[in-house]
file structure.txt (compact mmCIF, C-alpha atoms)
# COMPACT_ATOMS: atom_id res chain seq x y z
CA MET A 1 9.61 124.71 148.69
CA ASN A 2 7.66 127.88 149.51
CA LEU A 3 6.09 130.18 146.93
CA GLY A 4 8.78 132.83 147.37
CA SER A 5 11.53 130.39 146.52
CA ALA A 6 9.60 129.02 143.56
CA GLU A 7 9.06 132.53 142.20
CA GLU A 8 12.74 133.35 142.68
CA LEU A 9 13.72 130.24 140.73
CA ARG A 10 11.41 131.23 137.88
CA CYS A 11 13.06 134.63 137.65
CA LEU A 12 16.51 133.11 137.77
CA ARG A 13 15.61 130.62 135.05
CA GLU A 14 14.88 133.52 132.73
CA ALA A 15 18.27 135.02 133.59
CA LEU A 16 19.95 131.80 132.45
CA THR A 17 19.26 132.80 128.86
CA ALA A 18 21.46 135.90 129.18
CA PRO A 19 24.16 136.07 126.48
CA ASP A 20 26.74 137.34 128.98
CA PRO A 21 28.49 134.34 130.63
CA GLU A 22 29.15 136.31 133.82
CA ALA A 23 25.46 137.11 134.21
CA LEU A 24 24.64 133.47 133.55
CA PHE A 25 27.09 132.31 136.24
CA GLN A 26 25.63 134.75 138.77
CA ALA A 27 22.09 133.57 138.06
CA SER A 28 23.14 129.92 138.19
CA SER A 29 24.92 130.44 141.51
CA LYS A 30 21.89 132.15 143.03
CA MET A 31 19.72 129.28 141.84
CA ALA A 32 22.09 126.78 143.46
CA ARG A 33 21.84 128.62 146.78
CA VAL A 34 18.04 128.50 146.66
CA VAL A 35 18.09 124.78 145.85
CA SER A 36 20.64 124.12 148.62
CA GLU A 37 18.03 125.04 151.22
CA TYR A 38 16.07 121.95 150.20
CA PHE A 39 18.90 119.67 149.11
CA PRO A 40 18.60 116.09 150.48
CA SER A 41 22.04 115.12 151.82
CA GLY A 42 21.31 111.46 151.11
CA GLN A 43 21.56 112.23 147.40
CA ALA A 44 24.97 113.90 147.67
CA THR A 45 26.94 111.19 145.89
CA ASP A 46 24.42 110.94 143.05
CA PHE A 47 24.50 114.72 142.67
CA ILE A 48 28.31 114.91 142.59
CA LYS A 49 28.54 112.09 140.06
CA ALA A 50 25.88 113.59 137.81
CA THR A 51 27.53 117.01 138.03
CA LEU A 52 30.96 115.69 137.10
CA ASP A 53 29.55 113.53 134.32
CA GLY A 54 27.82 116.63 133.01
CA MET A 55 31.04 118.62 133.06
CA LEU A 56 32.54 116.10 130.64
CA SER A 57 29.86 116.45 128.00
CA ALA A 58 28.68 120.03 128.44
CA SER A 59 29.87 123.20 126.72
CA PRO A 60 32.60 125.14 128.56
CA THR A 61 30.03 127.61 129.88
CA CYS A 62 27.71 124.91 131.18
CA ALA A 63 30.64 122.94 132.60
CA THR A 64 31.71 126.00 134.59
CA ALA A 65 28.16 126.50 135.83
CA ALA A 66 28.09 122.85 136.93
CA GLY A 67 31.33 123.35 138.84
CA LEU A 68 29.83 126.36 140.62
CA TRP A 69 26.78 124.32 141.58
CA MET A 70 28.98 121.60 143.03
CA LYS A 71 30.95 124.09 145.13
CA ILE A 72 27.84 125.85 146.43
CA ILE A 73 25.99 122.65 147.35
CA LEU A 74 29.05 121.35 149.19
CA LYS A 75 29.53 124.66 150.97
CA GLU A 76 25.91 125.03 152.03
CA CYS A 77 25.06 121.38 152.68
CA GLY A 78 28.41 119.70 153.33
CA ASP A 79 27.94 119.68 157.09
CA ALA A 80 25.40 116.86 156.71
CA MET A 81 27.62 114.75 154.43
CA LEU A 82 30.07 113.22 156.91
CA ASP A 83 29.17 109.62 156.09
CA LYS A 84 29.44 110.42 152.37
CA VAL A 85 32.99 111.85 152.47
CA PRO A 86 34.85 108.71 151.25
CA ASP A 87 32.35 108.12 148.45
CA ILE A 88 32.39 111.75 147.33
CA LEU A 89 36.19 111.80 147.24
CA ASP A 90 36.24 108.55 145.29
CA ILE A 91 33.86 110.02 142.71
CA ILE A 92 35.94 113.19 142.39
CA TYR A 93 39.15 111.19 142.18
CA SER A 94 37.78 108.84 139.50
CA HIS A 95 36.96 111.80 137.25
CA MET A 96 40.44 113.31 137.38
CA PRO A 97 41.83 111.36 134.38
CA THR A 98 39.01 112.57 132.13
CA ILE A 99 38.73 116.19 133.28
CA GLN A 100 41.88 117.75 131.89
CA GLU A 101 40.99 121.41 131.41
CA GLY A 102 42.77 123.45 134.08
CA SER A 103 39.89 125.56 135.37
CA LEU A 104 37.59 122.54 135.60
CA ARG A 105 40.20 120.49 137.46
CA GLN A 106 40.50 123.38 139.88
CA PHE A 107 36.82 122.94 140.71
CA LEU A 108 37.63 119.41 141.88
CA VAL A 109 40.46 120.57 144.13
CA GLU A 110 38.26 123.31 145.57
CA ALA A 111 35.46 120.81 146.16
CA VAL A 112 37.80 118.70 148.30
CA SER A 113 38.86 121.81 150.25
CA ILE A 114 35.25 122.85 150.86
CA LEU A 115 34.39 119.36 152.08
CA ALA A 116 37.42 119.49 154.39
CA HIS A 117 36.11 122.73 155.89
CA HIS A 118 33.17 120.69 157.19
CA HIS A 119 34.95 117.39 157.88
CA LEU A 120 38.69 117.91 158.06
CA GLU A 121 39.64 114.65 159.75
CA ALA A 122 37.49 112.54 157.43
CA VAL A 123 38.91 114.18 154.29
CA ILE A 124 42.54 113.87 155.38
CA SER A 125 41.95 110.29 156.47
CA SER A 126 40.40 109.42 153.11
CA LEU A 127 43.18 111.11 151.13
CA LEU A 128 45.84 109.27 153.11
CA ARG A 129 44.02 105.95 153.16
CA LYS A 130 42.85 105.57 149.60
CA HIS A 131 44.97 107.66 147.30
CA LEU A 132 48.53 107.02 148.47
CA LEU A 133 49.63 110.62 147.88
CA MET A 134 51.68 109.47 144.90
CA ASP A 135 49.80 111.36 142.21
CA ARG A 136 49.54 115.07 141.52
CA PHE A 137 45.84 115.43 142.28
CA SER A 138 45.85 113.87 145.75
CA ILE A 139 48.96 115.87 146.65
CA GLU A 140 47.44 119.09 145.32
CA ALA A 141 44.19 118.36 147.14
CA LEU A 142 45.94 117.80 150.47
CA GLU A 143 47.99 120.98 150.03
CA SER A 144 44.80 122.90 149.30
CA VAL A 145 43.09 121.37 152.34
CA LEU A 146 45.91 122.36 154.69
CA PHE A 147 45.94 125.87 153.27
CA LYS A 148 42.15 126.17 153.47
CA VAL A 149 42.03 125.30 157.17
CA GLY A 150 44.51 128.02 158.02
CA ASN A 151 47.81 126.16 157.97
CA GLU A 152 49.56 128.51 155.54
CA ARG A 153 52.77 128.38 157.58
CA LEU A 154 52.84 124.60 157.45
CA VAL A 155 52.10 124.54 153.73
CA ARG A 156 54.97 126.95 153.21
CA ALA A 157 57.26 124.72 155.28
CA LEU A 158 56.26 121.68 153.23
CA ARG A 159 57.01 123.55 150.02
CA GLU A 160 60.39 124.71 151.30
CA GLN A 161 61.29 121.12 152.14
CA ARG A 162 60.15 120.00 148.67
CA THR A 163 57.72 117.59 150.31
CA TRP A 164 55.27 117.52 147.42
CA SER A 165 58.02 116.76 144.89
CA LEU A 166 59.37 114.02 147.13
CA LEU A 167 55.91 112.46 147.42
CA GLU A 168 55.42 112.36 143.65
CA ASN A 169 58.70 110.58 142.96
CA PRO A 170 58.55 106.82 143.73
CA LYS A 171 62.25 106.87 144.65
CA THR A 172 61.78 109.55 147.32
CA HIS A 173 58.12 109.00 148.23
CA HIS A 174 59.00 107.55 151.64
CA GLU A 175 60.98 110.66 152.60
CA GLY A 176 58.05 112.83 151.55
CA VAL A 177 55.71 110.76 153.70
CA CYS A 178 57.97 111.22 156.73
CA LEU A 179 58.10 115.00 156.23
CA LEU A 180 54.34 115.17 155.74
CA VAL A 181 53.59 113.11 158.84
CA ARG A 182 55.91 115.31 160.89
CA VAL A 183 53.85 118.35 159.86
CA LEU A 184 50.51 116.61 160.39
CA LEU A 185 51.60 115.56 163.88
CA ARG A 186 52.63 119.12 164.67
CA SER A 187 49.19 120.28 163.58
CA GLY A 188 47.34 117.62 165.55
CA LEU A 189 45.88 116.18 162.35
CA VAL A 190 46.93 112.55 162.88
CA THR A 191 44.15 110.76 164.73
CA PRO A 192 43.77 107.20 166.02
CA GLU A 193 41.22 106.63 163.27
CA ILE A 194 43.74 107.55 160.59
CA ILE A 195 46.35 105.27 162.14
CA GLN A 196 43.87 102.42 162.37
CA SER A 197 42.86 102.83 158.74
CA LEU A 198 46.49 102.63 157.58
CA LEU A 199 47.50 99.53 159.53
CA PRO A 200 46.09 97.02 156.99
CA TRP A 201 48.37 98.51 154.33
CA VAL A 202 51.49 97.05 155.90
CA ASN A 203 50.48 93.58 154.73
CA SER A 204 49.31 94.70 151.31
CA PRO A 205 50.61 92.78 148.28
CA THR A 206 51.09 96.21 146.67
CA GLU A 207 54.56 97.56 147.39
CA ASN A 208 53.43 101.19 147.16
CA ARG A 209 51.04 100.69 150.04
CA ARG A 210 53.65 98.94 152.17
CA VAL A 211 56.17 101.72 151.51
CA THR A 212 53.67 104.47 152.34
CA SER A 213 52.30 102.83 155.48
CA THR A 214 55.69 101.78 156.86
CA ALA A 215 57.12 105.28 156.30
CA PHE A 216 54.02 106.72 157.97
CA LEU A 217 54.48 104.48 161.01
CA ALA A 218 58.23 105.09 161.10
CA GLN A 219 57.65 108.81 161.58
CA LEU A 220 54.80 108.21 164.03
CA MET A 221 57.24 106.32 166.23
CA SER A 222 58.89 109.65 167.05
CA ASP A 223 55.70 110.96 168.67
CA PRO A 224 54.31 110.02 172.11
CA MET A 225 50.81 109.55 170.71
CA LEU A 226 51.51 105.94 169.70
CA ARG A 227 52.17 105.04 173.32
CA GLU A 228 49.38 107.26 174.64
CA LYS A 229 46.83 105.77 172.25
CA LYS A 230 47.93 102.16 172.91
CA PHE A 231 49.34 101.56 169.42
CA LEU A 232 52.99 101.15 170.37
CA LYS A 233 53.04 97.39 170.92
CA SER A 234 51.29 96.59 167.65
CA VAL A 235 53.44 99.03 165.66
CA LEU A 236 56.65 97.56 167.09
CA HIS A 237 55.45 94.15 165.96
CA ILE A 238 54.65 95.53 162.50
CA LEU A 239 58.09 97.11 162.15
CA GLU A 240 59.74 93.84 163.16
CA GLU A 241 57.79 92.06 160.42
CA ARG A 242 58.56 94.76 157.84
CA SER A 243 62.27 94.49 158.65
CA HIS A 244 62.09 91.23 156.65
CA ASP A 245 60.17 92.77 153.74
CA ARG A 246 61.41 92.02 150.22
CA ASN A 247 61.27 95.74 149.41
CA SER A 248 64.44 97.50 150.59
CA ILE A 249 62.70 100.85 151.20
CA VAL A 250 60.23 99.12 153.51
CA ARG A 251 63.15 97.53 155.40
CA GLN A 252 64.84 100.91 155.61
CA MET A 253 61.71 102.55 157.03
CA ALA A 254 61.31 99.73 159.55
CA ALA A 255 64.82 100.43 160.85
CA ARG A 256 64.10 104.16 161.02
CA GLY A 257 60.93 103.55 162.96
CA LEU A 258 62.67 101.37 165.53
CA GLY A 259 65.30 104.05 166.06
CA ASN A 260 62.60 106.69 166.49
CA LEU A 261 61.35 104.87 169.58
CA VAL A 262 64.04 106.88 171.36
CA TYR A 263 61.99 110.04 170.73
CA GLY A 264 58.46 108.71 171.04
CA ALA A 265 58.86 106.49 174.10
CA PRO A 266 62.42 106.74 175.48
CA GLU A 267 61.39 104.95 178.66
CA LYS A 268 60.63 101.85 176.56
CA VAL A 269 64.09 101.56 174.99
CA LYS A 270 65.68 99.66 177.88
CA LYS A 271 62.70 97.32 178.14
CA GLN A 272 62.86 96.61 174.40
CA LYS A 273 66.67 96.45 174.14
CA LEU A 274 66.86 92.78 173.12
CA PHE A 275 64.17 93.30 170.52
CA LEU A 276 65.72 96.48 169.09
CA LEU A 277 69.36 95.44 169.04
CA ASP A 278 68.62 92.05 167.54
CA ILE A 279 66.72 93.54 164.58
CA LEU A 280 69.06 96.47 163.98
CA ILE A 281 72.28 94.46 164.21
CA ARG A 282 70.84 91.87 161.83
CA ALA A 283 69.99 94.69 159.41
CA LEU A 284 73.68 95.61 159.27
CA ASN A 285 74.17 92.45 157.25
CA ASP A 286 71.65 93.44 154.57
CA THR A 287 73.42 92.38 151.38
CA PHE A 288 71.02 94.12 149.00
CA SER A 289 70.76 97.70 150.24
CA SER A 290 73.34 100.13 151.57
CA GLU A 291 70.42 102.40 152.54
CA VAL A 292 69.12 99.75 154.94
CA ILE A 293 72.58 99.39 156.47
CA GLY A 294 72.97 103.16 156.82
CA GLU A 295 69.52 103.54 158.38
CA SER A 296 70.27 100.73 160.83
CA MET A 297 73.52 102.40 161.84
CA LYS A 298 71.67 105.65 162.58
CA ALA A 299 68.99 103.81 164.53
CA LEU A 300 71.60 101.92 166.56
CA ALA A 301 73.33 105.19 167.38
CA LYS A 302 70.09 106.50 168.88
CA VAL A 303 69.35 103.32 170.81
CA LEU A 304 72.87 102.89 172.19
CA LYS A 305 72.91 106.43 173.51
CA GLU A 306 69.86 105.56 175.60
CA LEU A 307 71.48 102.44 177.05
CA LYS A 308 74.33 102.06 179.49
CA GLU A 309 77.13 99.59 178.83
CA LYS A 310 75.86 97.29 181.56
CA ASP A 311 72.46 97.19 179.82
CA ILE A 312 74.11 96.04 176.61
CA GLY A 313 76.49 93.62 178.32
CA SER A 314 73.67 91.83 180.06
CA SER A 315 72.07 91.06 176.73
CA PHE A 316 74.99 90.37 174.40
CA ARG A 317 78.36 88.71 174.69
CA ALA A 318 81.14 91.27 174.83
CA THR A 319 82.84 89.44 172.01
CA ASP A 320 79.98 90.00 169.59
CA PRO A 321 81.92 91.45 166.63
CA ASP A 322 79.03 93.46 165.21
CA LEU A 323 78.24 95.06 168.54
CA LEU A 324 81.90 95.83 169.25
CA CYS A 325 82.15 97.48 165.85
CA ILE A 326 79.19 99.70 166.65
CA LEU A 327 80.53 100.58 170.08
CA ARG A 328 83.91 101.54 168.64
CA HIS A 329 82.22 103.69 166.03
CA PHE A 330 79.92 105.58 168.37
CA GLY A 331 81.99 105.52 171.54
CA PRO A 332 80.93 104.47 175.04
CA CYS A 333 77.25 104.54 175.82
CA THR A 334 76.42 106.77 178.73
call {"tool": "encode", "arguments": {"input": "structure.txt", "output": "structure tokens"}}
result
Amino acid sequence: MNLGSAEELRCLREALTAPDPEALFQASSKMARVVSEYFPSGQATDFIKATLDGMLSASPTCATAAGLWMKIILKECGDAMLDKVPDILDIIYSHMPTIQEGSLRQFLVEAVSILAHHHLEAVISSLLRKHLLMDRFSIEALESVLFKVGNERLVRALREQRTWSLLENPKTHHEGVCLLVRVLLRSGLVTPEIIQSLLPWVNSPTENRRVTSTAFLAQLMSDPMLREKKFLKSVLHILEERSHDRNSIVRQMAARGLGNLVYGAPEKVKKQKLFLLDILIRALNDTFSSEVIGESMKALAKVLKELKEKDIGSSFRATDPDLLCILRHFGPCT
């Protein structure tokens, strides 16, 4: 640190004794900017943890000053913190239950947004991968991130479709995930790295993770990127496995994903006809969930419209009662 910076810090330290909180915050912020010039990025996680711990025990004025320091350090030094993103988000997330005051919680949301300004893909990937988007903070953080990076129109669309409310409710979480993924795809924010990080969830013993990941993949099936990025074969296999899942929402999402192949890779439907029709017709006999049956009917409608009658006849006996029922319902396939 040069002499000029040291002298500036000494002057600012004197200003920290000012009785006016606004003057104190200004002095503290200036001090943070001076320190940021020499901040070692390797100590980012220790700094964030110490700052948040301090916010819990400090007076309201000092807690606010600590929040300002956190924002400034992340803004000025965040570019060098790529490898620290998951750890920083974990630290922020772990403090949410204990930091209840509204203005202080807002510092945490803003910290995530600032970090996303430097490392958008890493932040979104971490939010999707670790925090399930089933609690208010992770949803609020993602909304703030999308808004911060200039996607106001998309944030507005998500609000109009009640996506955030759907995500928070366990009964509708899967529908919220599908809407969210649709928007992320449109924005080019779904990367192969994000997909790869979510794949292990499909075999998780935790139902929430299986629901989230299967819904995510179901919506991804409607986009060509799965085929382009060489994920299609593995995702088809995953959806086949999840069609046997004990959770009915997971089975429902598996059926939706198979039907969405029509949009993401229509040229693959004929090649995969045996595979698709076998799973979807079997799902019509689901004795535990009318939602699974309904989703399978919709998926079959999409698939059958892509196939000609001769394609179906070559794979199934014309007397197959389930298939005949479907054909009568949807009419001839052309």
call {"tool": "closest_residue", "arguments": {"input": "structure.txt", "among": "A:Cys77, A:Met55, A:Cys178, A:Val34", "to": "Arg105 (chain A)", "atoms": "all atoms listed in the file"}}
result
A:Met55
call {"tool": "residues_around", "arguments": {"input": "structure.txt", "residues": "region 284-292 of chain A", "least_positions_apart": "4", "cutoff": "7 Å", "atoms": "only C-alpha atoms", "output": "list in words"}}
result
Ser248, Arg251, Gln252, Leu280 and Ser296 of chain A
call {"tool": "residues_around", "arguments": {"input": "structure.txt", "residues": "Leu82 (chain A)", "least_positions_apart": "6", "cutoff": "12 Å", "atoms": "only C-alpha atoms", "output": "list of chain:residue names"}}
result
A:Ser41, A:Gly42, A:Ala44, A:Thr45, A:Leu74, A:Ile88, A:Leu89, A:Leu115, A:Ala116, A:His117, A:His118, A:His119, A:Leu120, A:Glu121, A:Ala122, A:Val123, A:Ser126
call {"tool": "residues_around", "arguments": {"input": "structure.txt", "residues": "region 206-220 of chain A", "least_positions_apart": "3", "cutoff": "9 Å", "atoms": "all atoms listed in the file", "output": "VMD selection string"}}
result
chain A and resid 132 to 134 170 173 to 182 185 195 198 to 203 223 to 226 235 238 to 239 242 247 249 to 260 264
call {"tool": "atom_distance", "arguments": {"input": "structure.txt", "atom1": "CA of Glu241 (chain A)", "atom2": "CA of Asn169 (chain A)"}}
result
25.5 Å
call {"tool": "atom_distance", "arguments": {"input": "structure.txt", "atom1": "CA of Tyr93 (chain A)", "atom2": "CA of Glu76 (chain A)"}}
result
21.5 Å
call {"tool": "residues_around", "arguments": {"input": "structure.txt", "residues": "Leu52 (chain A)", "least_positions_apart": "2", "cutoff": "8 Å", "atoms": "all atoms listed in the file", "output": "ChimeraX atom specification"}}
result
/A:48-50,54-56,66-67,92,95
call {"tool": "closest_residue", "arguments": {"input": "structure.txt", "among": "A:Asp20, A:Ala63, A:Pro192, A:Ile72", "to": "Arg33 (chain A)", "atoms": "only C-alpha atoms"}}
result
A:Ile72
call {"tool": "atom_distance", "arguments": {"input": "structure.txt", "atom1": "CA of Gln43 (chain A)", "atom2": "CA of Val112 (chain A)"}}
result
17.5 Å
call {"tool": "axis_aligned_box", "arguments": {"input": "structure.txt", "around": "region 274-292 of chain A", "padding_each_side": "4 Å", "output": "lines of an AutoDock Vina configuration file"}}
result
center_x = 69.2
center_y = 97.1
center_z = 161.1
size_x = 18.0
size_y = 18.5
size_z = 32.1
call {"tool": "closest_residue", "arguments": {"input": "structure.txt", "among": "A:Ile194, A:Met31, A:Met297, A:Leu128", "to": "Leu277 (chain A)", "atoms": "all atoms listed in the file"}}
result
A:Met297
